[in-house]
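Next comes work_9.cif, a file with mmCIF, C-alpha atoms.
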```cif
data_upload
loop_
_atom_site.label_atom_id
_atom_site.label_comp_id
_atom_site.auth_asym_id
_atom_site.auth_seq_id
_atom_site.Cartn_x
_atom_site.Cartn_y
_atom_site.Cartn_z
CA MET A 1 -34.79 27.03 -55.60
CA ARG A 2 -32.94 24.06 -57.03
CA THR A 3 -34.28 20.53 -56.64
CA GLY A 4 -33.00 18.99 -53.35
CA THR A 5 -32.46 22.31 -51.54
CA ILE A 6 -35.63 22.08 -49.41
CA PRO A 7 -34.89 18.53 -48.15
CA ARG A 8 -31.32 19.62 -47.28
CA VAL A 9 -32.58 22.66 -45.34
CA LEU A 10 -35.17 20.59 -43.52
CA GLY A 11 -32.55 17.95 -42.74
CA THR A 12 -30.19 20.58 -41.32
CA ALA A 13 -32.97 22.03 -39.16
CA ALA A 14 -33.86 18.59 -37.85
CA ALA A 15 -30.24 17.88 -36.97
CA LEU A 16 -29.93 21.19 -35.10
CA ALA A 17 -33.13 20.43 -33.19
CA ALA A 18 -31.82 17.00 -32.24
CA LEU A 19 -28.55 18.50 -30.98
CA LEU A 20 -30.44 21.07 -28.90
CA THR A 21 -32.67 18.37 -27.40
CA THR A 22 -29.64 16.23 -26.49
CA ALA A 23 -27.87 19.18 -24.87
CA LEU A 24 -30.91 20.09 -22.79
CA ALA A 25 -31.40 16.50 -21.68
CA ALA A 26 -27.75 16.05 -20.60
CA PRO A 27 -26.77 16.68 -16.97
CA ALA A 28 -25.16 20.01 -16.24
CA LEU A 29 -21.41 19.92 -16.80
CA ALA A 30 -20.79 20.73 -13.15
CA GLU A 31 -22.64 17.56 -12.20
CA ARG A 32 -20.22 15.35 -14.06
CA PRO A 33 -16.66 14.74 -12.83
CA PRO A 34 -13.88 15.26 -15.35
CA ALA A 35 -12.95 12.14 -17.20
CA ALA A 36 -9.98 10.40 -15.69
CA ALA A 37 -6.86 11.03 -17.65
CA PRO A 38 -4.91 7.88 -18.47
CA ALA A 39 -2.18 7.26 -15.92
CA PRO A 40 1.05 8.78 -17.23
CA VAL A 41 3.23 6.18 -18.85
CA ARG A 42 6.68 7.26 -17.79
CA ALA A 43 9.66 5.00 -17.25
CA ALA A 44 10.17 4.52 -13.55
CA ALA A 45 12.25 1.39 -13.11
CA PRO A 46 15.91 1.97 -12.28
CA ALA A 47 18.66 0.91 -14.64
CA ASN A 48 20.05 -1.11 -11.75
CA PHE A 49 17.88 -2.23 -8.87
CA THR A 50 19.03 -1.62 -5.29
CA HIS A 51 19.03 -4.63 -2.95
CA PRO A 52 17.78 -5.08 -0.33
CA GLY A 53 15.31 -2.55 -1.57
CA VAL A 54 11.69 -3.27 -0.65
CA LEU A 55 10.53 -0.87 2.08
CA VAL A 56 13.90 -1.05 3.86
CA SER A 57 17.40 -0.56 2.50
CA ARG A 58 20.75 -1.73 3.81
CA PRO A 59 21.66 1.77 5.11
CA GLN A 60 18.33 1.90 6.95
CA LEU A 61 18.94 -1.55 8.42
CA ASP A 62 22.44 -0.53 9.48
CA PHE A 63 21.04 2.54 11.25
CA VAL A 64 18.50 0.39 13.10
CA ARG A 65 21.09 -2.19 14.05
CA GLY A 66 23.34 0.50 15.49
CA ARG A 67 20.50 2.07 17.48
CA VAL A 68 19.40 -1.27 18.92
CA GLN A 69 22.94 -2.25 19.86
CA ALA A 70 23.33 1.09 21.62
CA GLY A 71 20.10 0.50 23.56
CA ALA A 72 18.67 3.73 22.16
CA GLN A 73 14.95 4.47 22.23
CA PRO A 74 12.49 3.97 20.66
CA TRP A 75 14.38 1.36 18.64
CA LYS A 76 15.37 -0.91 21.53
CA SER A 77 11.83 -1.19 22.87
CA ALA A 78 10.55 -1.73 19.32
CA PHE A 79 13.11 -4.50 18.80
CA ASP A 80 12.13 -6.15 22.09
CA GLN A 81 8.49 -5.94 21.06
CA MET A 82 9.27 -7.61 17.73
CA THR A 83 11.46 -10.40 19.10
CA GLY A 84 8.93 -11.09 21.84
CA SER A 85 6.14 -11.58 19.32
CA ARG A 86 4.92 -14.88 17.92
CA TYR A 87 6.29 -13.86 14.54
CA ALA A 88 9.90 -14.13 15.75
CA SER A 89 9.53 -17.63 17.16
CA LEU A 90 12.27 -20.04 16.14
CA THR A 91 9.87 -22.94 16.64
CA ARG A 92 7.20 -21.65 14.28
CA THR A 93 5.74 -24.28 11.96
CA PRO A 94 4.70 -22.85 8.56
CA LYS A 95 1.29 -23.86 7.25
CA PRO A 96 1.44 -23.70 3.45
CA ARG A 97 -1.33 -24.91 1.19
CA ALA A 98 -1.74 -25.22 -2.55
CA VAL A 99 -4.88 -23.06 -2.75
CA VAL A 100 -5.62 -20.22 -0.33
CA GLU A 101 -9.35 -19.49 -0.36
CA CYS A 102 -10.50 -16.18 1.09
CA GLY A 103 -14.06 -14.92 0.94
CA SER A 104 -15.32 -11.51 1.98
CA TYR A 105 -13.88 -10.58 5.38
CA SER A 106 -11.94 -13.87 5.16
CA ASN A 107 -15.06 -16.02 5.27
CA PRO A 108 -14.25 -18.70 4.34
CA ASN A 109 -10.75 -18.54 5.74
CA ASN A 110 -8.89 -21.44 4.20
CA GLY A 111 -5.27 -20.52 4.73
CA CYS A 112 -5.78 -16.74 4.68
CA THR A 113 -4.52 -16.01 8.19
CA ASP A 114 -1.84 -18.68 7.93
CA GLU A 115 -0.44 -17.21 4.73
CA ARG A 116 -0.45 -13.57 5.89
CA GLU A 117 1.09 -14.42 9.23
CA ASP A 118 3.74 -16.73 7.79
CA ALA A 119 4.72 -13.92 5.41
CA ILE A 120 4.94 -11.44 8.31
CA ALA A 121 6.93 -14.02 10.26
CA ALA A 122 9.43 -14.39 7.41
CA TYR A 123 9.88 -10.61 7.35
CA THR A 124 10.15 -10.44 11.14
CA LEU A 125 12.77 -13.16 11.21
CA SER A 126 14.74 -11.50 8.42
CA LEU A 127 14.86 -8.26 10.43
CA ALA A 128 15.90 -10.19 13.54
CA TRP A 129 18.64 -11.89 11.51
CA TYR A 130 20.08 -8.63 10.23
CA ILE A 131 20.02 -6.85 13.57
CA THR A 132 21.44 -9.73 15.63
CA GLN A 133 23.41 -11.59 12.94
CA ASP A 134 22.10 -14.78 14.54
CA SER A 135 21.83 -17.20 11.61
CA ARG A 136 19.02 -19.14 13.27
CA TYR A 137 16.64 -16.33 12.38
CA ALA A 138 17.71 -16.39 8.73
CA GLN A 139 17.35 -20.15 8.55
CA LYS A 140 13.84 -20.02 10.02
CA ALA A 141 12.83 -17.32 7.54
CA ILE A 142 14.14 -19.49 4.72
CA GLN A 143 12.26 -22.51 6.05
CA ILE A 144 8.99 -20.57 5.95
CA MET A 145 9.57 -19.13 2.48
CA ASP A 146 10.66 -22.51 1.10
CA ALA A 147 7.60 -24.21 2.57
CA TRP A 148 5.25 -21.86 0.73
CA SER A 149 7.16 -21.71 -2.54
CA ALA A 150 7.05 -25.51 -2.74
CA VAL A 151 3.29 -25.71 -2.38
CA ILE A 152 1.15 -22.68 -3.24
CA ARG A 153 -0.44 -22.51 -6.66
CA ASP A 154 -3.44 -20.16 -6.44
CA HIS A 155 -5.69 -17.78 -4.50
CA THR A 156 -9.46 -18.10 -4.89
CA ASN A 157 -12.80 -16.58 -3.84
CA SER A 158 -13.83 -12.93 -3.64
CA ASN A 159 -10.98 -11.63 -1.47
CA ALA A 160 -8.26 -13.31 -3.51
CA PRO A 161 -6.86 -10.03 -4.94
CA LEU A 162 -6.65 -8.36 -1.54
CA GLN A 163 -5.25 -11.45 0.19
CA THR A 164 -2.61 -11.77 -2.51
CA GLY A 165 -1.78 -8.09 -2.08
CA TRP A 166 -1.35 -8.38 1.67
CA ALA A 167 0.80 -11.50 1.68
CA GLY A 168 2.55 -10.39 -1.50
CA SER A 169 3.62 -7.17 0.22
CA SER A 170 5.39 -8.97 3.08
CA TRP A 171 7.09 -11.78 1.14
CA PRO A 172 9.42 -9.59 -0.99
CA ARG A 173 10.57 -7.61 2.06
CA ALA A 174 11.73 -10.81 3.70
CA ALA A 175 13.17 -12.27 0.52
CA GLU A 176 15.19 -9.14 -0.27
CA ILE A 177 16.88 -9.10 3.13
CA ILE A 178 17.67 -12.81 3.15
CA LYS A 179 18.84 -13.07 -0.46
CA TYR A 180 21.13 -10.06 -0.29
CA THR A 181 22.48 -10.18 3.27
CA TYR A 182 22.64 -13.91 4.11
CA SER A 183 24.70 -16.47 2.25
CA GLY A 184 22.91 -19.69 1.61
CA TRP A 185 19.37 -19.75 0.18
CA PRO A 186 19.42 -22.44 -2.53
CA ASN A 187 15.69 -22.13 -3.28
CA SER A 188 15.58 -18.38 -3.79
CA GLY A 189 14.94 -18.96 -7.49
CA ARG A 190 11.90 -21.10 -6.73
CA PHE A 191 10.61 -18.39 -4.42
CA GLY A 192 10.97 -15.88 -7.26
CA THR A 193 9.02 -18.21 -9.54
CA MET A 194 6.26 -18.34 -6.92
CA LEU A 195 6.07 -14.56 -6.83
CA ARG A 196 6.01 -14.32 -10.62
CA ASP A 197 3.50 -17.08 -11.31
CA VAL A 198 1.17 -17.05 -8.30
CA TYR A 199 1.23 -13.51 -6.89
CA LEU A 200 2.05 -11.03 -9.64
CA PRO A 201 -0.75 -12.04 -12.07
CA GLU A 202 -3.33 -11.56 -9.28
CA VAL A 203 -2.23 -8.03 -8.37
CA THR A 204 -0.73 -6.43 -11.45
CA ASN A 205 -3.98 -5.23 -13.07
CA GLY A 206 -5.32 -3.49 -9.98
CA SER A 207 -8.91 -3.25 -8.75
CA HIS A 208 -11.87 -0.90 -8.87
CA SER A 209 -13.05 -1.93 -5.44
CA ASN A 210 -12.39 0.40 -2.48
CA GLY A 211 -9.04 2.11 -2.97
CA ASN A 212 -7.12 0.23 -0.29
CA TRP A 213 -7.45 -2.88 -2.46
CA GLU A 214 -5.60 -1.47 -5.45
CA LEU A 215 -3.04 0.29 -3.28
CA SER A 216 -2.18 -2.91 -1.38
CA MET A 217 -2.09 -4.86 -4.64
CA THR A 218 0.20 -2.23 -6.15
CA GLU A 219 2.48 -2.41 -3.13
CA ALA A 220 2.80 -6.14 -3.67
CA ALA A 221 3.41 -5.64 -7.40
CA ILE A 222 6.22 -3.13 -6.93
CA GLY A 223 7.93 -5.24 -4.26
CA ILE A 224 7.74 -8.33 -6.44
CA ALA A 225 9.09 -6.35 -9.40
CA VAL A 226 12.12 -5.31 -7.34
CA PHE A 227 12.87 -8.86 -6.25
CA LEU A 228 12.47 -10.17 -9.80
CA GLU A 229 14.24 -7.13 -11.31
CA ASP A 230 11.27 -6.88 -13.67
CA ARG A 231 11.29 -3.37 -15.13
CA ALA A 232 8.01 -3.74 -17.02
CA ALA A 233 6.19 -4.88 -13.90
CA TYR A 234 7.76 -2.04 -11.93
CA ASP A 235 6.70 0.58 -14.46
CA LYS A 236 3.18 -0.82 -14.56
CA ALA A 237 2.93 -0.67 -10.77
CA VAL A 238 4.09 2.95 -10.71
CA GLY A 239 1.49 3.77 -13.37
CA LYS A 240 -1.22 2.24 -11.18
CA PHE A 241 0.07 4.25 -8.22
CA ARG A 242 -0.02 7.52 -10.17
CA GLY A 243 -3.58 6.86 -11.26
CA ARG A 244 -4.90 5.68 -7.91
CA VAL A 245 -3.40 8.05 -5.30
CA PRO A 246 -5.13 11.20 -6.67
CA ALA A 247 -8.36 9.18 -6.71
CA TYR A 248 -7.91 8.09 -3.09
CA ILE A 249 -6.96 11.34 -1.36
CA TYR A 250 -8.71 14.62 -2.13
CA VAL A 251 -7.08 18.06 -2.10
CA THR A 252 -8.91 21.30 -2.84
CA ALA A 253 -6.89 21.81 -6.02
CA ASP A 254 -8.89 18.90 -7.48
CA GLY A 255 -11.99 21.10 -7.74
CA SER A 256 -15.54 20.40 -6.67
CA LEU A 257 -15.19 16.64 -6.89
CA PRO A 258 -12.39 14.13 -6.27
CA LYS A 259 -10.45 12.72 -9.18
CA VAL A 260 -11.36 9.28 -10.41
CA ALA A 261 -9.04 6.40 -11.23
CA PRO A 262 -8.53 5.46 -14.88
CA GLY A 263 -11.14 2.93 -15.96
CA SER A 264 -13.26 3.34 -12.84
CA GLY A 265 -16.50 4.13 -14.68
CA LEU A 266 -17.33 6.85 -12.13
CA ASP A 267 -18.69 9.27 -14.71
CA THR A 268 -21.33 11.17 -12.73
CA ARG A 269 -21.35 13.19 -9.55
CA ALA A 270 -23.78 10.73 -7.96
CA LYS A 271 -21.50 7.78 -8.68
CA VAL A 272 -18.48 9.57 -7.22
CA ILE A 273 -20.30 10.53 -4.02
CA ASN A 274 -21.60 6.99 -3.61
CA TYR A 275 -18.05 5.66 -4.06
CA TRP A 276 -16.86 8.12 -1.41
CA GLN A 277 -19.22 6.50 1.11
CA GLY A 278 -21.92 9.17 0.59
CA GLN A 279 -19.65 12.07 1.53
CA SER A 280 -20.46 15.16 -0.56
CA THR A 281 -18.33 17.76 1.25
CA PHE A 282 -14.66 17.46 0.38
CA MET A 283 -11.66 18.82 2.27
CA ASP A 284 -7.88 18.55 2.10
CA GLY A 285 -6.80 15.05 3.10
CA LEU A 286 -10.19 13.33 2.94
CA SER A 287 -9.80 9.78 1.71
CA GLN A 288 -12.21 7.71 -0.32
CA GLU A 289 -12.68 5.47 2.73
CA THR A 290 -12.69 8.02 5.58
CA CYS A 291 -16.44 7.71 6.06
CA ARG A 292 -16.21 3.95 5.91
CA ASP A 293 -13.75 3.74 8.80
CA LEU A 294 -10.26 4.84 9.73
CA THR A 295 -8.88 1.30 9.72
CA HIS A 296 -9.39 0.75 6.00
CA THR A 297 -8.21 4.31 5.38
CA GLY A 298 -5.05 3.39 7.29
CA TYR A 299 -4.50 0.43 4.96
CA GLY A 300 -4.57 2.79 1.99
CA LEU A 301 -2.29 5.42 3.53
CA SER A 302 0.14 2.74 4.64
CA ALA A 303 0.38 1.20 1.17
CA ILE A 304 0.95 4.65 -0.35
CA SER A 305 3.80 5.25 2.08
CA HIS A 306 5.32 1.83 1.44
CA ILE A 307 5.24 2.21 -2.34
CA ALA A 308 6.81 5.65 -2.16
CA GLU A 309 9.47 4.39 0.27
CA THR A 310 10.42 1.55 -2.05
CA SER A 311 10.58 3.96 -5.00
CA ARG A 312 12.89 6.25 -3.02
CA ILE A 313 15.24 3.36 -2.30
CA GLN A 314 15.19 2.46 -5.99
CA GLY A 315 16.31 5.95 -6.98
CA GLN A 316 13.09 7.54 -8.22
CA ASP A 317 11.40 9.20 -5.27
CA LEU A 318 7.61 9.27 -5.64
CA TYR A 319 7.09 11.11 -2.36
CA PRO A 320 7.22 14.59 -3.93
CA GLU A 321 4.42 13.60 -6.33
CA VAL A 322 2.08 12.64 -3.50
CA ALA A 323 3.44 14.70 -0.60
CA ASP A 324 0.59 17.22 -0.37
CA ARG A 325 -2.08 14.55 -0.53
CA LEU A 326 -0.37 12.20 1.91
CA ARG A 327 0.57 14.83 4.50
CA HIS A 328 -2.93 16.30 4.49
CA ALA A 329 -4.48 12.84 4.79
CA MET A 330 -2.24 11.78 7.65
CA GLY A 331 -2.81 15.08 9.43
CA LEU A 332 -6.58 15.12 8.99
CA HIS A 333 -7.09 11.60 10.31
CA ALA A 334 -4.52 11.99 13.10
CA LYS A 335 -6.30 15.14 14.29
CA TYR A 336 -9.58 13.35 14.81
CA GLN A 337 -8.03 10.19 16.18
CA LEU A 338 -6.36 12.40 18.79
CA GLY A 339 -9.79 13.55 19.90
CA ALA A 340 -10.74 16.69 18.00
CA ALA A 341 -14.48 17.15 17.55
CA VAL A 342 -15.66 15.84 14.18
CA PRO A 343 -17.75 18.46 12.32
CA SER A 344 -21.16 17.44 11.04
CA SER A 345 -19.94 18.07 7.49
CA LEU A 346 -17.48 15.20 7.86
CA CYS A 347 -19.13 11.77 7.75
CA GLY A 348 -22.16 13.11 9.61
CA GLY A 349 -20.02 14.08 12.59
CA SER A 350 -18.79 10.59 13.42
CA LEU A 351 -15.68 8.60 12.52
CA LYS A 352 -15.13 4.93 13.29
CA ASP A 353 -12.10 2.98 14.47
CA SER A 354 -8.45 4.05 14.23
CA LEU A 355 -5.71 4.18 11.62
CA GLY A 356 -3.59 1.47 13.23
CA PRO A 357 0.24 1.31 13.39
CA VAL A 358 0.67 2.93 9.97
CA THR A 359 2.11 6.45 10.36
CA GLU A 360 5.86 5.92 10.95
CA VAL A 361 6.98 5.49 7.33
CA GLY A 362 5.07 8.44 5.90
CA HIS A 363 5.85 10.69 8.85
CA ASN A 364 9.58 10.01 8.64
CA ALA A 365 9.61 10.73 4.92
CA LEU A 366 7.42 13.82 4.89
CA ALA A 367 8.31 15.49 8.19
CA ASN A 368 11.91 14.45 8.73
CA ARG A 369 13.20 14.22 5.17
CA LEU A 370 11.04 16.73 3.32
CA GLY A 371 10.49 19.13 6.21
CA HIS A 372 6.70 19.36 6.26
CA ALA A 373 5.18 20.51 9.54
CA MET A 374 3.04 17.59 10.71
CA THR A 375 2.21 18.29 14.34
CA ASN A 376 -0.84 16.03 14.65
CA THR A 377 0.81 13.18 12.79
CA ARG A 378 3.93 13.45 14.93
CA THR A 379 1.87 13.44 18.13
CA LEU A 380 -0.09 10.37 17.07
CA THR A 381 3.03 8.58 15.82
CA GLU A 382 4.93 9.14 19.06
CA ARG A 383 1.90 8.18 21.14
CA GLN A 384 1.62 4.84 19.32
CA ARG A 385 5.28 3.85 19.71
CA PRO A 386 6.43 1.20 19.48
CA ALA A 387 4.14 0.47 16.55
CA GLY A 388 3.58 -3.26 16.18
CA SER A 389 1.80 -5.23 13.46
CA ASN A 390 -1.73 -5.08 12.10
CA ASN A 391 -1.35 -8.82 11.38
CA LEU A 392 -2.09 -8.18 7.70
CA PHE A 393 0.83 -6.43 5.98
CA VAL A 394 2.16 -3.80 8.41
CA ALA A 395 4.87 -4.72 10.92
CA TRP A 396 7.47 -3.11 13.18
CA GLU A 397 7.68 0.31 11.57
CA THR A 398 8.89 2.13 14.69
CA LEU A 399 11.86 -0.20 14.55
CA THR A 400 12.54 0.25 10.85
CA HIS A 401 11.53 3.85 10.16
CA ALA A 402 11.28 5.96 13.31
CA ASP A 403 13.49 9.01 12.68
CA ASN A 404 15.58 6.94 10.29
CA PRO A 405 17.77 9.34 8.29
CA ALA A 406 19.08 6.76 5.79
#
```
Using structure tokens, write down the structure from this file.
Amino acid sequence: MRTGTIPRVLGTAAALAALLTTALAAPALAERPPAAAPAPVRAAAPANFTHPGVLVSRPQLDFVRGRVQAGAQPWKSAFDQMTGSRYASLTRTPKPRAVVECGSYSNPNNGCTDEREDAIAAYTLSLAWYITQDSRYAQKAIQIMDAWSAVIRDHTNSNAPLQTGWAGSSWPRAAEIIKYTYSGWPNSGRFGTMLRDVYLPEVTNGSHSNGNWELSMTEAAIGIAVFLEDRAAYDKAVGKFRGRVPAYIYVTADGSLPKVAPGSGLDTRAKVINYWQGQSTFMDGLSQETCRDLTHTGYGLSAISHIAETSRIQGQDLYPEVADRLRHAMGLHAKYQLGAAVPSSLCGGSLKDSLGPVTEVGHNALANRLGHAMTNTRTLTERQRPAGSNNLFVAWETLTHADNPA
């Protein structure tokens, strides 16, 4: 045997032994979720943006206006509900501040409620303007938006990303309607600067907190991108959406475990189950927050619907990509909110709270436009009409989206 052969053989044997030891020590493959694939980077932004085009389009607004003027239901009662709310008040005084500080569960609450509700008010007033053509509503919406764009500079404390997502979802809806249907908003450019400098940086990179955070932040990002006509920001938001939705709603085609969002760090079965609130039995439509409560789940489902609705208006419909997940999720949660017995395999046999006024947009898209049978979702949606506001980022969706064919 030549000199050096024995050391090489011994070295090879040692290496094989080390590999075998590592393999035996590793968790079984079935115990580890598949690594998250990077979110597909595909161009999504339109060549030409459609305005108004955040959540509601001009054809949708025209349909609503016609229904309200005709006194048709449920739109007339929804309109009366909206105009009778505090958000439609023509004497509202905005309460802007330079720094909005929001801790966990809005504690401390230094401007958090004021900001969210002023943003909802601006959107409410913009809808009232379009439907009635009473310029006082437009002028009040402008007053509120101008007050905030002149003052706000930052969001701070632990809930800053979520707060920015909530308020940042409502502002572009209002701004789109006013800028593109009302003549006379001199400070619209300053408002756009506010969205670009104060809101977009806070939401554009997403979050690995509970999924409703990133979904609400992504909703804000895509709405802001439309208003700013920022194609890069729009594409980035759609990429976040494509990575997060499969990680928020489970379908059986996913396998034994839910998918995980890119960069989440959820690389073991135990971590995934913990993230899914301890739920280890998975079924079509289960959300990452179902076993937390239905209210936070509703936030996530609502944001998914809103993002898809905006994408549809902008010419690239994301609904088909998420239709199976969203329809199963809406149906599953509607079923139990309507009173069906919760099996012990689902969150220990108990679900908390309710989804809130969040089903109109998704139901109209999936059942009415795409033709999916959604009996439970339809029943819940019709029972909740007219759907009002959750006082965070959802408002008046029976008015804007109930059976809206546009």
Per residue of range 231-267 of chain A within 12 Å of range 311-334 of chain A, record the nearest atom pair and its distance in Å to one decimal, counting all atoms listed in the file, with rows in chain order and ascending residue number, as JSON lines.
```
{"residue": "A:Arg231", "atom": "CA", "partner": "A:Gln314", "partner_atom": "CA", "distance": 11.5}
{"residue": "A:Tyr234", "atom": "CA", "partner": "A:Ser311", "partner_atom": "CA", "distance": 9.6}
{"residue": "A:Asp235", "atom": "CA", "partner": "A:Ser311", "partner_atom": "CA", "distance": 10.8}
{"residue": "A:Ala237", "atom": "CA", "partner": "A:Ser311", "partner_atom": "CA", "distance": 10.6}
{"residue": "A:Val238", "atom": "CA", "partner": "A:Ser311", "partner_atom": "CA", "distance": 8.7}
{"residue": "A:Gly239", "atom": "CA", "partner": "A:Leu318", "partner_atom": "CA", "distance": 11.3}
{"residue": "A:Phe241", "atom": "CA", "partner": "A:Leu318", "partner_atom": "CA", "distance": 9.4}
{"residue": "A:Arg242", "atom": "CA", "partner": "A:Glu321", "partner_atom": "CA", "distance": 8.5}
{"residue": "A:Gly243", "atom": "CA", "partner": "A:Val322", "partner_atom": "CA", "distance": 11.2}
{"residue": "A:Arg244", "atom": "CA", "partner": "A:Val322", "partner_atom": "CA", "distance": 10.8}
{"residue": "A:Val245", "atom": "CA", "partner": "A:Val322", "partner_atom": "CA", "distance": 7.4}
{"residue": "A:Pro246", "atom": "CA", "partner": "A:Arg325", "partner_atom": "CA", "distance": 7.6}
{"residue": "A:Ala247", "atom": "CA", "partner": "A:Arg325", "partner_atom": "CA", "distance": 10.3}
{"residue": "A:Tyr248", "atom": "CA", "partner": "A:Arg325", "partner_atom": "CA", "distance": 9.1}
{"residue": "A:Ile249", "atom": "CA", "partner": "A:Arg325", "partner_atom": "CA", "distance": 5.9}
{"residue": "A:Tyr250", "atom": "CA", "partner": "A:Arg325", "partner_atom": "CA", "distance": 6.8}
{"residue": "A:Val251", "atom": "CA", "partner": "A:Arg325", "partner_atom": "CA", "distance": 6.3}
{"residue": "A:Thr252", "atom": "CA", "partner": "A:Arg325", "partner_atom": "CA", "distance": 9.9}
{"residue": "A:Ala253", "atom": "CA", "partner": "A:Arg325", "partner_atom": "CA", "distance": 10.3}
{"residue": "A:Asp254", "atom": "CA", "partner": "A:Arg325", "partner_atom": "CA", "distance": 10.7}
{"residue": "A:Pro258", "atom": "CA", "partner": "A:Arg325", "partner_atom": "CA", "distance": 11.8}
```
- prompt: Could you pull the residues within 9 Å of Ser188 in chain A, counting all atoms listed in the file, minus those fewer than 2 positions along the same chain, as a ChimeraX atom specification?
  reply: /A:142,145-146,175,179,185-186,190-193
With C-alpha atoms retained, export the selected residues as a compact mmCIF listing (two decimals), in the frame of the given file.
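And here's out_24.txt as it stands now:
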```txt
# COMPACT_ATOMS: atom_id res chain seq x y z
CA ILE A 142 14.14 -19.49 4.72
CA MET A 145 9.57 -19.13 2.48
CA ASP A 146 10.66 -22.51 1.10
CA ALA A 175 13.17 -12.27 0.52
CA LYS A 179 18.84 -13.07 -0.46
CA TRP A 185 19.37 -19.75 0.18
CA PRO A 186 19.42 -22.44 -2.53
CA ARG A 190 11.90 -21.10 -6.73
CA PHE A 191 10.61 -18.39 -4.42
CA GLY A 192 10.97 -15.88 -7.26
CA THR A 193 9.02 -18.21 -9.54
```
Could you list the residues chosen by the PyMOL selection byres ((chain A and resi 295-299) around 10) in this structure as a PDB file with C-alpha atoms, in the coordinates of the input?
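New file part-v5.pdb:
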```pdb
ATOM      1  CA  TRP A 166      -1.350  -8.380   1.670  1.00  0.00           C
ATOM      2  CA  ASN A 210     -12.390   0.400  -2.480  1.00  0.00           C
ATOM      3  CA  GLY A 211      -9.040   2.110  -2.970  1.00  0.00           C
ATOM      4  CA  ASN A 212      -7.120   0.230  -0.290  1.00  0.00           C
ATOM      5  CA  TRP A 213      -7.450  -2.880  -2.460  1.00  0.00           C
ATOM      6  CA  LEU A 215      -3.040   0.290  -3.280  1.00  0.00           C
ATOM      7  CA  SER A 216      -2.180  -2.910  -1.380  1.00  0.00           C
ATOM      8  CA  TYR A 248      -7.910   8.090  -3.090  1.00  0.00           C
ATOM      9  CA  ILE A 249      -6.960  11.340  -1.360  1.00  0.00           C
ATOM     10  CA  LEU A 286     -10.190  13.330   2.940  1.00  0.00           C
ATOM     11  CA  SER A 287      -9.800   9.780   1.710  1.00  0.00           C
ATOM     12  CA  GLN A 288     -12.210   7.710  -0.320  1.00  0.00           C
ATOM     13  CA  GLU A 289     -12.680   5.470   2.730  1.00  0.00           C
ATOM     14  CA  THR A 290     -12.690   8.020   5.580  1.00  0.00           C
ATOM     15  CA  CYS A 291     -16.440   7.710   6.060  1.00  0.00           C
ATOM     16  CA  ARG A 292     -16.210   3.950   5.910  1.00  0.00           C
ATOM     17  CA  ASP A 293     -13.750   3.740   8.800  1.00  0.00           C
ATOM     18  CA  LEU A 294     -10.260   4.840   9.730  1.00  0.00           C
ATOM     19  CA  GLY A 300      -4.570   2.790   1.990  1.00  0.00           C
ATOM     20  CA  LEU A 301      -2.290   5.420   3.530  1.00  0.00           C
ATOM     21  CA  SER A 302       0.140   2.740   4.640  1.00  0.00           C
ATOM     22  CA  ALA A 303       0.380   1.200   1.170  1.00  0.00           C
ATOM     23  CA  ILE A 304       0.950   4.650  -0.350  1.00  0.00           C
ATOM     24  CA  ALA A 329      -4.480  12.840   4.790  1.00  0.00           C
ATOM     25  CA  MET A 330      -2.240  11.780   7.650  1.00  0.00           C
ATOM     26  CA  HIS A 333      -7.090  11.600  10.310  1.00  0.00           C
ATOM     27  CA  LYS A 352     -15.130   4.930  13.290  1.00  0.00           C
ATOM     28  CA  ASP A 353     -12.100   2.980  14.470  1.00  0.00           C
ATOM     29  CA  SER A 354      -8.450   4.050  14.230  1.00  0.00           C
ATOM     30  CA  LEU A 355      -5.710   4.180  11.620  1.00  0.00           C
ATOM     31  CA  GLY A 356      -3.590   1.470  13.230  1.00  0.00           C
ATOM     32  CA  PRO A 357       0.240   1.310  13.390  1.00  0.00           C
ATOM     33  CA  VAL A 358       0.670   2.930   9.970  1.00  0.00           C
ATOM     34  CA  THR A 359       2.110   6.450  10.360  1.00  0.00           C
ATOM     35  CA  ASN A 390      -1.730  -5.080  12.100  1.00  0.00           C
ATOM     36  CA  LEU A 392      -2.090  -8.180   7.700  1.00  0.00           C
ATOM     37  CA  PHE A 393       0.830  -6.430   5.980  1.00  0.00           C
ATOM     38  CA  VAL A 394       2.160  -3.800   8.410  1.00  0.00           C
TER      39      VAL A 394
END
```
query: Got a sec to resolve the PyMOL selection byres ((chain A and resi 55) around 9) on this structure and send the residues as a list of chain:residue names?
result: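 Checked against the file, the PyMOL selection byres ((chain A and resi 55) around 9) matches A:Pro52, A:Gly53, A:Val54, A:Val56, A:Ser57, A:Arg173, A:Gly223, A:His306, A:Ile307, A:Ala308, A:Glu309, A:Thr310, A:Ser311, A:Ile313, A:Val361.
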Taking C-alpha atoms for each residue, export the selection above as a CSV table (one decimal), in the frame of the given file.
```
chain,number,residue,atom,x,y,z
A,52,PRO,CA,17.8,-5.1,-0.3
A,53,GLY,CA,15.3,-2.6,-1.6
A,54,VAL,CA,11.7,-3.3,-0.6
A,56,VAL,CA,13.9,-1.0,3.9
A,57,SER,CA,17.4,-0.6,2.5
A,173,ARG,CA,10.6,-7.6,2.1
A,223,GLY,CA,7.9,-5.2,-4.3
A,306,HIS,CA,5.3,1.8,1.4
A,307,ILE,CA,5.2,2.2,-2.3
A,308,ALA,CA,6.8,5.6,-2.2
A,309,GLU,CA,9.5,4.4,0.3
A,310,THR,CA,10.4,1.6,-2.0
A,311,SER,CA,10.6,4.0,-5.0
A,313,ILE,CA,15.2,3.4,-2.3
A,361,VAL,CA,7.0,5.5,7.3
```
